[in-house]
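A.B. asks: This one is start_3.txt, compact mmCIF, C-alpha atoms.
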```
# COMPACT_ATOMS: atom_id res chain seq x y z
CA MET A 15 79.21 89.98 106.97
CA LYS A 16 76.64 92.28 105.37
CA LEU A 17 73.77 91.08 103.19
CA ALA A 18 74.73 90.06 99.67
CA ASP A 19 74.89 92.86 97.12
CA TYR A 20 73.88 90.42 94.40
CA LYS A 21 74.18 86.70 93.63
CA ALA A 22 76.16 84.49 91.28
CA THR A 23 74.85 81.23 89.86
CA LEU A 24 77.16 78.23 89.61
CA SER A 25 76.03 75.70 87.02
CA PHE A 26 77.42 72.22 86.30
CA SER A 27 77.78 70.33 83.03
CA ASN A 28 77.27 66.93 84.69
CA GLY A 29 73.58 67.40 85.43
CA LYS A 30 73.86 68.69 89.00
CA ALA A 31 71.43 71.41 89.91
CA PRO A 32 72.84 74.96 89.81
CA ILE A 33 73.33 76.82 93.07
CA GLU A 34 73.28 80.50 93.98
CA MET A 35 76.07 82.11 95.97
CA PRO A 36 76.16 85.58 97.56
CA VAL A 37 78.44 88.22 96.08
CA TYR A 38 79.75 91.14 98.15
CA ASN A 39 81.15 94.49 97.05
CA GLY A 40 84.23 95.92 98.71
CA THR A 41 84.54 99.69 99.09
CA ILE A 42 87.17 99.46 96.34
CA GLY A 43 88.68 96.50 94.52
CA PRO A 44 87.19 93.26 93.17
CA ASP A 45 83.88 91.82 94.38
CA VAL A 46 84.02 88.47 96.18
CA VAL A 47 81.88 85.36 95.76
CA ASP A 48 81.00 83.78 99.12
CA ILE A 49 81.70 80.05 98.74
CA ARG A 50 81.49 79.09 102.41
CA LYS A 51 78.42 76.91 101.85
CA LEU A 52 79.75 75.34 98.64
CA TYR A 53 80.90 72.12 100.30
CA GLY A 54 77.66 71.69 102.22
CA GLN A 55 75.56 72.25 99.10
CA THR A 56 77.66 70.35 96.54
CA GLY A 57 80.22 68.22 98.37
CA MET A 58 82.93 70.09 96.44
CA PHE A 59 85.84 72.33 97.39
CA THR A 60 87.41 75.07 95.29
CA TYR A 61 90.96 74.62 94.02
CA ASP A 62 93.24 77.66 94.10
CA PRO A 63 96.97 76.95 94.64
CA GLY A 64 98.75 80.04 95.92
CA PHE A 65 95.39 81.67 96.71
CA LEU A 66 95.54 83.65 93.45
CA SER A 67 91.77 84.21 93.43
CA THR A 68 90.81 83.65 97.07
CA ALA A 69 89.96 86.27 99.70
CA ALA A 70 90.60 84.60 103.05
CA CYS A 71 89.34 87.54 105.11
CA GLN A 72 87.74 90.95 105.02
CA SER A 73 90.09 93.78 105.97
CA ALA A 74 90.00 97.56 106.28
CA ILE A 75 93.74 98.11 106.73
CA THR A 76 95.67 98.08 103.46
CA TYR A 77 94.58 98.17 99.84
CA ILE A 78 96.70 97.48 96.76
CA ASP A 79 95.74 98.05 93.13
CA GLY A 80 98.50 96.27 91.26
CA ASP A 81 97.40 97.49 87.83
CA LYS A 82 97.43 101.15 88.87
CA GLY A 83 100.50 100.81 91.10
CA GLU A 84 98.54 102.06 94.10
CA LEU A 85 99.09 101.33 97.80
CA LEU A 86 96.82 102.74 100.53
CA TYR A 87 97.19 102.45 104.31
CA ARG A 88 93.71 103.03 105.80
CA GLY A 89 92.85 104.96 102.63
CA TYR A 90 95.93 107.21 102.61
CA PRO A 91 98.27 106.92 99.58
CA ILE A 92 101.72 105.66 100.47
CA GLU A 93 103.24 108.61 98.59
CA GLN A 94 101.61 111.06 101.04
CA LEU A 95 102.44 109.04 104.14
CA ALA A 96 106.09 108.59 103.17
CA THR A 97 106.60 112.31 102.54
CA GLN A 98 104.33 113.88 105.18
CA CYS A 99 104.33 111.41 108.11
CA ASP A 100 106.95 109.52 110.10
CA PHE A 101 106.94 105.90 111.19
CA MET A 102 105.32 106.56 114.57
CA GLU A 103 102.38 108.29 112.86
CA THR A 104 102.15 105.38 110.42
CA CYS A 105 102.14 102.87 113.28
CA HIS A 106 99.33 104.77 115.00
CA LEU A 107 97.37 104.83 111.74
CA LEU A 108 97.71 101.09 111.14
CA LEU A 109 96.93 100.13 114.74
CA TYR A 110 94.07 102.51 115.48
CA GLY A 111 92.69 103.44 112.07
CA GLU A 112 93.45 107.17 112.08
CA LEU A 113 96.46 109.45 111.94
CA PRO A 114 97.24 110.98 115.34
CA ASN A 115 96.99 114.67 116.13
CA ALA A 116 99.99 116.34 117.75
CA GLN A 117 99.10 115.31 121.30
CA LYS A 118 98.23 111.73 120.39
CA LYS A 119 101.46 111.42 118.42
CA LYS A 120 103.42 112.68 121.42
CA ASP A 121 101.67 110.24 123.78
CA PHE A 122 102.07 107.27 121.41
CA THR A 123 105.73 108.02 120.72
CA HIS A 124 106.38 108.36 124.47
CA LEU A 125 104.69 105.01 125.13
CA VAL A 126 106.74 103.20 122.47
CA THR A 127 109.97 104.93 123.51
CA HIS A 128 109.59 103.82 127.12
CA HIS A 129 109.18 100.16 126.15
CA THR A 130 112.31 99.88 124.00
CA MET A 131 114.48 98.14 126.61
CA VAL A 132 114.35 94.36 126.73
CA HIS A 133 114.62 92.11 129.77
CA GLU A 134 118.27 91.82 130.81
CA GLN A 135 118.07 88.03 130.62
CA MET A 136 117.41 88.25 126.87
CA GLN A 137 121.14 88.73 126.33
CA PHE A 138 121.83 85.34 127.93
CA PHE A 139 119.22 83.77 125.66
CA LEU A 140 120.96 85.43 122.71
CA ARG A 141 124.34 84.03 123.74
CA GLY A 142 123.02 80.51 123.26
CA PHE A 143 123.28 81.05 119.50
CA ARG A 144 126.45 80.60 117.48
CA ARG A 145 128.01 83.92 116.52
CA ASP A 146 127.78 83.04 112.83
CA ALA A 147 124.06 82.16 113.00
CA HIS A 148 121.89 83.95 110.42
CA PRO A 149 120.28 86.98 112.10
CA MET A 150 116.82 85.79 111.03
CA ALA A 151 117.32 82.51 112.89
CA VAL A 152 118.31 84.53 115.95
CA LEU A 153 115.45 86.98 115.57
CA THR A 154 112.85 84.25 115.19
CA GLY A 155 114.02 82.71 118.46
CA LEU A 156 114.21 86.04 120.31
CA ILE A 157 110.71 87.16 119.32
CA GLY A 158 109.19 83.78 120.15
CA GLY A 159 111.11 83.92 123.43
CA LEU A 160 109.40 87.17 124.45
CA SER A 161 106.36 85.14 125.47
CA ALA A 162 108.53 83.57 128.17
CA PHE A 163 109.28 87.02 129.62
CA TYR A 164 105.88 88.72 129.38
CA HIS A 165 103.30 86.36 130.82
CA ASP A 166 100.96 89.30 131.40
CA SER A 167 100.22 89.74 127.70
CA THR A 168 99.95 86.30 126.10
CA ASP A 169 96.15 85.95 125.86
CA ILE A 170 95.37 86.80 122.26
CA ASN A 171 91.64 87.04 123.03
CA ASN A 172 92.18 89.77 125.66
CA PRO A 173 92.19 93.25 124.03
CA GLU A 174 94.39 94.68 126.80
CA HIS A 175 96.93 91.89 126.30
CA ARG A 176 96.98 92.53 122.57
CA GLU A 177 97.42 96.27 123.18
CA ILE A 178 100.45 95.98 125.46
CA SER A 179 102.04 93.20 123.39
CA ALA A 180 101.65 95.39 120.30
CA ILE A 181 103.49 98.28 121.96
CA ARG A 182 106.16 95.94 123.31
CA LEU A 183 106.80 94.34 119.93
CA ILE A 184 106.98 97.64 118.02
CA ALA A 185 109.24 99.12 120.70
CA LYS A 186 111.57 96.17 121.24
CA LEU A 187 112.15 95.03 117.65
CA PRO A 188 114.85 97.68 116.95
CA THR A 189 116.59 96.67 120.17
CA LEU A 190 116.44 92.97 119.33
CA VAL A 191 117.58 93.46 115.72
CA SER A 192 120.52 95.59 116.82
CA MET A 193 121.42 93.06 119.54
CA ALA A 194 121.47 90.27 116.95
CA TYR A 195 123.81 92.38 114.80
CA LYS A 196 126.13 93.39 117.65
CA TYR A 197 126.32 89.80 118.84
CA SER A 198 127.33 88.58 115.36
CA ILE A 199 130.26 91.00 115.19
CA GLY A 200 131.37 90.65 118.81
CA GLN A 201 130.56 94.19 119.90
CA PRO A 202 128.81 95.18 123.16
CA PHE A 203 125.09 95.84 123.13
CA LEU A 204 123.92 99.43 123.40
CA TYR A 205 120.89 100.33 125.48
CA PRO A 206 118.29 102.52 123.76
CA LYS A 207 118.23 106.27 124.44
CA ASN A 208 114.87 107.90 125.13
CA ASP A 209 115.81 111.28 123.65
CA LEU A 210 116.25 109.89 120.13
CA SER A 211 113.65 109.19 117.47
CA TYR A 212 112.61 105.62 116.68
CA SER A 213 114.84 105.50 113.59
CA GLY A 214 117.68 107.50 115.16
CA ASN A 215 117.68 105.19 118.16
CA PHE A 216 117.92 102.16 115.88
CA LEU A 217 120.90 103.60 113.97
CA ARG A 218 122.71 104.38 117.22
CA MET A 219 122.11 100.88 118.63
CA MET A 220 123.36 99.39 115.35
CA PHE A 221 126.47 101.51 114.75
CA GLY A 222 127.32 103.23 118.02
CA ASN A 223 129.73 101.95 120.65
CA PRO A 224 130.27 102.74 124.36
CA CYS A 225 133.64 104.41 123.67
CA GLU A 226 132.23 107.56 122.08
CA ASP A 227 129.05 109.47 121.43
CA TYR A 228 127.16 108.55 118.28
CA VAL A 229 125.77 111.47 116.27
CA VAL A 230 122.77 110.51 114.17
CA ASN A 231 123.01 111.67 110.55
CA PRO A 232 119.61 113.25 109.75
CA VAL A 233 119.72 112.09 106.11
CA LEU A 234 120.26 108.47 107.16
CA GLU A 235 117.66 108.86 109.90
CA ARG A 236 115.07 109.99 107.33
CA ALA A 237 116.08 107.17 104.99
CA MET A 238 115.67 104.56 107.74
CA ASP A 239 112.31 106.02 108.71
CA ARG A 240 111.12 105.87 105.11
CA ILE A 241 112.19 102.24 104.80
CA PHE A 242 110.08 101.50 107.89
CA VAL A 243 107.04 103.39 106.52
CA LEU A 244 107.20 101.74 103.08
CA HIS A 245 107.43 98.24 104.57
CA ALA A 246 104.92 98.65 107.40
CA ASP A 247 102.13 96.64 105.75
CA HIS A 248 101.31 95.13 102.38
CA GLU A 249 97.90 93.51 102.59
CA GLN A 250 97.51 89.68 102.66
CA ASN A 251 101.02 88.64 101.63
CA ALA A 252 102.63 85.35 102.68
CA SER A 253 103.96 86.47 106.07
CA THR A 254 100.79 88.39 106.99
CA SER A 255 98.68 85.37 106.04
CA THR A 256 101.01 83.26 108.19
CA VAL A 257 100.49 85.56 111.18
CA ARG A 258 96.73 85.42 110.69
CA LEU A 259 96.71 81.63 110.28
CA CYS A 260 98.96 81.13 113.29
CA GLY A 261 96.93 83.56 115.38
CA SER A 262 93.68 81.87 114.39
CA SER A 263 94.68 78.93 116.59
CA GLY A 264 94.65 81.24 119.63
CA THR A 265 98.42 81.23 120.11
CA ASN A 266 100.01 84.21 121.86
CA PRO A 267 100.89 87.36 119.86
CA PHE A 268 104.65 86.84 120.21
CA ALA A 269 104.43 83.34 118.70
CA ALA A 270 102.23 84.59 115.86
CA ILE A 271 104.71 87.37 115.01
CA ALA A 272 107.64 84.91 115.25
CA ALA A 273 105.83 82.76 112.67
CA GLY A 274 105.57 85.81 110.42
CA VAL A 275 109.29 86.44 110.79
CA ALA A 276 110.05 82.85 109.83
CA CYS A 277 107.91 83.16 106.70
CA LEU A 278 109.44 86.51 105.80
CA TRP A 279 112.88 84.90 105.78
CA GLY A 280 112.17 83.23 102.43
CA PRO A 281 114.08 84.66 99.43
CA ALA A 282 110.85 85.02 97.45
CA HIS A 283 109.42 87.28 100.17
CA GLY A 284 111.37 89.36 102.70
CA GLY A 285 114.68 87.94 101.59
CA ALA A 286 114.28 89.46 98.13
CA ASN A 287 116.42 92.52 98.86
CA GLU A 288 119.14 90.26 100.26
CA ALA A 289 118.96 88.14 97.10
CA CYS A 290 119.10 91.33 95.00
CA LEU A 291 122.32 92.57 96.63
CA ASN A 292 123.88 89.11 96.34
CA MET A 293 123.06 89.18 92.62
CA LEU A 294 124.72 92.60 92.24
CA GLN A 295 127.82 91.47 94.11
CA GLU A 296 128.13 88.34 91.96
CA LEU A 297 127.73 90.40 88.79
CA GLN A 298 130.29 92.91 90.04
CA ALA A 299 132.76 90.10 90.68
CA ALA A 300 132.14 88.75 87.17
CA GLY A 301 133.03 92.03 85.48
CA GLY A 302 130.63 94.69 86.66
CA VAL A 303 129.04 97.21 84.28
CA ALA A 304 130.88 95.72 81.29
CA LYS A 305 128.96 92.47 81.79
CA VAL A 306 125.48 94.01 82.19
CA GLY A 307 124.48 93.48 78.55
CA GLU A 308 125.54 89.83 78.61
CA PHE A 309 123.78 89.32 81.94
CA MET A 310 120.51 90.80 80.66
CA THR A 311 120.69 88.60 77.57
CA GLN A 312 120.89 85.56 79.84
CA VAL A 313 117.94 86.85 81.88
CA LYS A 314 115.83 87.05 78.71
CA ASP A 315 116.86 83.56 77.57
CA LYS A 316 114.06 81.10 78.43
CA ASN A 317 116.58 78.27 78.70
CA SER A 318 118.79 80.15 81.15
CA THR A 319 118.60 79.77 84.92
CA VAL A 320 119.82 83.36 85.48
CA LYS A 321 117.24 85.48 87.31
CA LEU A 322 116.96 89.24 87.63
CA MET A 323 116.28 89.90 91.30
CA GLY A 324 114.66 93.12 92.51
CA PHE A 325 112.49 93.58 89.42
CA GLY A 326 108.81 92.77 88.98
CA HIS A 327 106.27 91.96 91.68
CA ARG A 328 103.59 89.33 92.34
CA VAL A 329 100.90 92.01 92.78
CA TYR A 330 102.13 95.15 91.01
CA LYS A 331 101.75 95.08 87.23
CA ASN A 332 102.80 98.71 87.14
CA TYR A 333 105.65 100.58 88.84
CA ASP A 334 105.70 99.72 92.55
CA PRO A 335 104.81 103.08 94.21
CA ARG A 336 107.20 102.26 97.06
CA ALA A 337 110.04 101.86 94.56
CA LYS A 338 109.66 105.43 93.28
CA LEU A 339 109.88 106.76 96.84
CA MET A 340 112.79 104.50 97.69
CA GLN A 341 114.60 105.60 94.54
CA GLU A 342 114.48 109.22 95.76
CA THR A 343 115.85 108.16 99.14
CA CYS A 344 118.52 106.06 97.44
CA ASP A 345 119.81 109.05 95.46
CA GLU A 346 119.74 111.25 98.58
CA VAL A 347 121.69 108.75 100.69
CA LEU A 348 124.32 108.04 98.02
CA LYS A 349 124.88 111.78 97.57
CA GLU A 350 125.14 112.37 101.34
CA LEU A 351 127.72 109.60 101.72
CA GLY A 352 129.63 110.43 98.53
CA LEU A 353 128.91 107.01 97.01
CA GLU A 354 127.48 108.05 93.63
CA ASN A 355 130.53 106.53 91.92
CA ASP A 356 130.71 103.36 94.01
CA PRO A 357 131.09 100.45 91.51
CA LEU A 358 128.20 98.44 92.94
CA PHE A 359 125.84 101.39 92.82
CA LYS A 360 126.90 102.28 89.28
CA LEU A 361 126.16 98.67 88.35
CA ALA A 362 122.71 98.92 89.93
CA LYS A 363 122.01 102.09 87.93
CA ALA A 364 123.08 100.34 84.70
CA LEU A 365 120.65 97.48 85.39
CA GLU A 366 117.89 99.93 86.24
CA LYS A 367 118.41 101.88 83.00
CA ILE A 368 118.15 98.76 80.82
CA ALA A 369 115.08 97.48 82.67
CA LEU A 370 113.28 100.81 82.23
CA GLU A 371 114.11 101.10 78.51
CA ASP A 372 114.38 97.56 77.09
CA ASP A 373 111.14 96.45 75.39
CA TYR A 374 111.42 92.96 76.92
CA PHE A 375 111.24 94.29 80.47
CA VAL A 376 108.82 97.13 79.69
CA THR A 377 106.26 94.88 77.97
CA LYS A 378 106.49 92.34 80.79
CA LYS A 379 106.24 95.22 83.29
CA LEU A 380 109.38 94.09 85.12
CA TYR A 381 110.01 97.42 86.79
CA PRO A 382 112.46 97.84 89.67
CA ASN A 383 110.65 97.09 92.93
CA VAL A 384 111.16 98.40 96.45
CA ASP A 385 113.60 95.58 97.27
CA PHE A 386 115.99 96.76 94.57
CA TYR A 387 116.39 100.24 96.03
CA SER A 388 116.03 99.45 99.73
CA GLY A 389 118.88 96.94 99.51
CA ILE A 390 121.14 99.57 97.95
CA VAL A 391 120.20 102.14 100.60
CA GLN A 392 120.83 99.73 103.46
CA ARG A 393 124.20 98.70 102.09
CA ALA A 394 125.17 102.37 101.75
CA ILE A 395 124.20 103.02 105.37
CA GLY A 396 126.46 100.15 106.41
CA ILE A 397 123.91 97.45 107.16
CA PRO A 398 125.24 94.01 106.17
CA VAL A 399 123.26 92.04 103.61
CA ASN A 400 122.25 89.29 106.05
CA MET A 401 120.53 91.92 108.24
CA PHE A 402 118.23 93.22 105.49
CA THR A 403 115.38 90.81 106.19
CA GLY A 404 115.57 91.47 109.92
CA ILE A 405 115.01 95.17 109.25
CA PHE A 406 112.10 94.26 106.99
CA ALA A 407 110.64 92.26 109.90
CA LEU A 408 111.14 95.22 112.22
CA ALA A 409 109.14 97.45 109.88
CA ARG A 410 106.42 94.89 109.09
CA THR A 411 105.72 94.02 112.75
CA VAL A 412 103.18 96.83 113.14
CA GLY A 413 101.29 95.63 110.05
CA TRP A 414 101.25 92.07 111.32
CA ILE A 415 99.89 93.21 114.69
CA ALA A 416 97.21 95.38 113.08
CA GLN A 417 96.14 92.45 110.88
CA LEU A 418 96.15 90.07 113.86
CA ASN A 419 94.04 92.45 115.95
CA GLU A 420 91.59 92.88 113.09
CA MET A 421 91.21 89.13 112.67
CA ILE A 422 90.64 88.48 116.37
CA SER A 423 88.03 91.27 116.47
CA ASP A 424 86.13 89.81 113.50
CA PRO A 425 83.12 87.83 114.80
CA GLU A 426 83.30 85.60 111.71
CA TYR A 427 86.89 84.47 112.20
CA LYS A 428 87.60 80.77 112.62
CA ILE A 429 90.75 78.72 112.91
CA GLY A 430 92.34 78.50 109.47
CA ARG A 431 91.89 75.11 107.81
CA PRO A 432 92.61 74.97 104.04
CA ARG A 433 91.17 72.06 102.07
CA GLN A 434 92.90 69.89 99.47
CA LEU A 435 92.46 68.02 96.23
CA PHE A 436 93.63 64.53 97.22
CA THR A 437 95.54 62.65 94.50
CA GLY A 438 97.16 59.86 96.56
CA ALA A 439 96.37 56.17 96.93
CA VAL A 440 92.81 55.06 97.64
CA LYS A 441 92.10 52.97 100.74
CA ARG A 442 94.14 49.75 100.84
CA ASP A 443 95.14 47.06 103.32
CA VAL A 444 98.59 46.78 104.91
CA PRO A 445 100.27 43.55 103.63
CA PRO A 446 102.36 41.39 105.96
CA ILE A 447 105.98 42.49 106.06
CA ALA A 448 107.06 39.31 104.24
CA LYS A 449 104.90 40.27 101.23
CA ARG A 450 105.98 43.92 100.89
```
Take the structure in this file and express it as structure tokens.
C.D. replies:
Amino acid sequence: MKLADYKATLSFSNGKAPIEMPVYNGTIGPDVVDIRKLYGQTGMFTYDPGFLSTAACQSAITYIDGDKGELLYRGYPIEQLATQCDFMETCHLLLYGELPNAQKKKDFTHLVTHHTMVHEQMQFFLRGFRRDAHPMAVLTGLIGGLSAFYHDSTDINNPEHREISAIRLIAKLPTLVSMAYKYSIGQPFLYPKNDLSYSGNFLRMMFGNPCEDYVVNPVLERAMDRIFVLHADHEQNASTSTVRLCGSSGTNPFAAIAAGVACLWGPAHGGANEACLNMLQELQAAGGVAKVGEFMTQVKDKNSTVKLMGFGHRVYKNYDPRAKLMQETCDEVLKELGLENDPLFKLAKALEKIALEDDYFVTKKLYPNVDFYSGIVQRAIGIPVNMFTGIFALARTVGWIAQLNEMISDPEYKIGRPRQLFTGAVKRDVPPIAKR
């Protein structure tokens, strides 16, 4: 850590002497107060449930300005990356800090492409699951299980091990996700094809079959690629923090990423687009567009338990920049597939219109987020709702690895150990069982 840019003074109203704490400036974003010596100097901890005001690390990967609705990967705006770069370029950027030139992109893509196959025994591991198991349960097990197949890359403190495990994870996630899907519907697995793009290969493994050639639709291929780019990283969110915390113990990269997948499964995080589509389907079953007004009234009622999924965001207090890009892709995909008049998509558009015009939602800045549109796009492509979070995990893997590598390379990193405000019983003696 650099020398303090200035200092903050913490004073107490109970007569304790004030103390000075270093304050550091980031290149952009809020300054941070260094409280690492607070306990040693005062015997006190800070209290911050949900880490709303706590920076647990220093990072140079992703920056979010929620008030402006800004998202930067290594300084590049997400709007430029999503329209001018593909997912392989984005992966290179997140992992190595810079966008690749033509030759480096070719070399990196070749490296990833030639690691897309998984060990043949993985299919036997997969068959140990029930066919109706949730794909995220399957995926968590498969990714954790990779450490049992690749003993040559499980030392998280070895840069070469981290490098090859990073390539393996990025390359094999589409294969594993598609295997989990094929297994759930009783279809044979498809091996990857090296002459297809990353996104095209994924679509073929998901929807192709051995009986006939699968022709990749370029519109759907671009849509899939954009979903991957928009979800590749998102700063210190719950799953990324989980990967960092898990990795801080020195566990292998596959286990750390599996922990991130498990965290992502939650409906408040990666499962949000799944929850959004479930909400739309329930509303469609209850009457569709005709019931939108009544539904929105319930959403605005403080005493109601009805929630509007896919709108608003923990960080963004402006329009999620990813949502604008995903909206464009959504319109393009629906037009390509002739689904503009599909009842569920018309319902989604009706909800969107009210949320963008109703004063209640506008003043509370409950704009449609990326989950709202990405769920619609994935459903249109033919991806079942219970696979949405798995695809999110596929895209986010590169961000998790970049964050993990950054943490391990930081000389100041330590095993994560949050503190607590204890409110339980004080010390007491155990009474004899007859007196309890």
A.B. asks: With a distance cut-off of 10 Å and only C-alpha atoms, select the neighbouring residues of Lys379 of chain A, excluding the residue or stretch itself and same-chain residues fewer than 4 positions from it, and output the selection as an NGL selection string.
C.D. replies: :A and (325-327 or 330-333 or 369-370 or 373-375)
A.B. asks: With only C-alpha atoms as the atoms that count, which of A:Gly83, A:Pro432, A:Pro44, A:Gly261 lies nearest to Pro63 of chain A?
C.D. replies: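 With only C-alpha atoms as the atom set, the closest residue is A:Pro432.
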A.B. asks: Calculated over only C-alpha atoms, which of the candidates A:Arg145, A:Leu190, A:Arg240, A:Glu426 has the smallest distance to Gln98 of chain A?
C.D. replies: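 Closest to Gln98 of chain A of all the choices is A:Arg240.
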A.B. asks: Which residue, A:Gly285, A:Gly430, A:Pro91, A:Pro149, has the smallest gap to Leu339 of chain A when you use only C-alpha atoms?
C.D. replies: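 Closest to Leu339 of chain A of all the choices is A:Pro91.
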A.B. asks: Within 10 Å of Gly302 of chain A, counting all atoms listed in the file, which residues qualify if same-chain residues fewer than 6 places away don't, as a ChimeraX atom specification?
C.D. replies: /A:294-296,309,357-358,360-362,364
A.B. asks: Would you work out the distance separating atom CA of Glu112 of chain A from atom CA of Asp209 of chain A, expressed in Å to one decimal?
C.D. replies: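 Taking atom CA of Glu112 of chain A and atom CA of Asp209 of chain A, their separation equals 25.5 Å.
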A.B. asks: If we count all atoms listed in the file, what is near segment 397-409 of chain A at a cut-off of 6 Å, once residues fewer than 5 positions away on the same chain are taken out, given as a ChimeraX atom specification?
C.D. replies: /A:150,187,242,245-246,284-285,288,392
A.B. asks: Counting all atoms listed in the file, what is within 9 Å of Ser262 of chain A, bar same-chain residues fewer than 5 positions away, as a PyMOL selection string?
C.D. replies: chain A and resi 257+418+421-422+427-430
A.B. asks: Write a file of the just-selected residues containing C-alpha atoms, as a short mmCIF file (atom, residue, chain, number, x, y, z; two decimals), in the frame of the given file.
C.D. replies:
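For reference, part-v8.cif as written:
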```cif
data_model
loop_
_atom_site.label_atom_id
_atom_site.label_comp_id
_atom_site.auth_asym_id
_atom_site.auth_seq_id
_atom_site.Cartn_x
_atom_site.Cartn_y
_atom_site.Cartn_z
CA VAL A 257 100.49 85.56 111.18
CA LEU A 418 96.15 90.07 113.86
CA MET A 421 91.21 89.13 112.67
CA ILE A 422 90.64 88.48 116.37
CA TYR A 427 86.89 84.47 112.20
CA LYS A 428 87.60 80.77 112.62
CA ILE A 429 90.75 78.72 112.91
CA GLY A 430 92.34 78.50 109.47
#
```
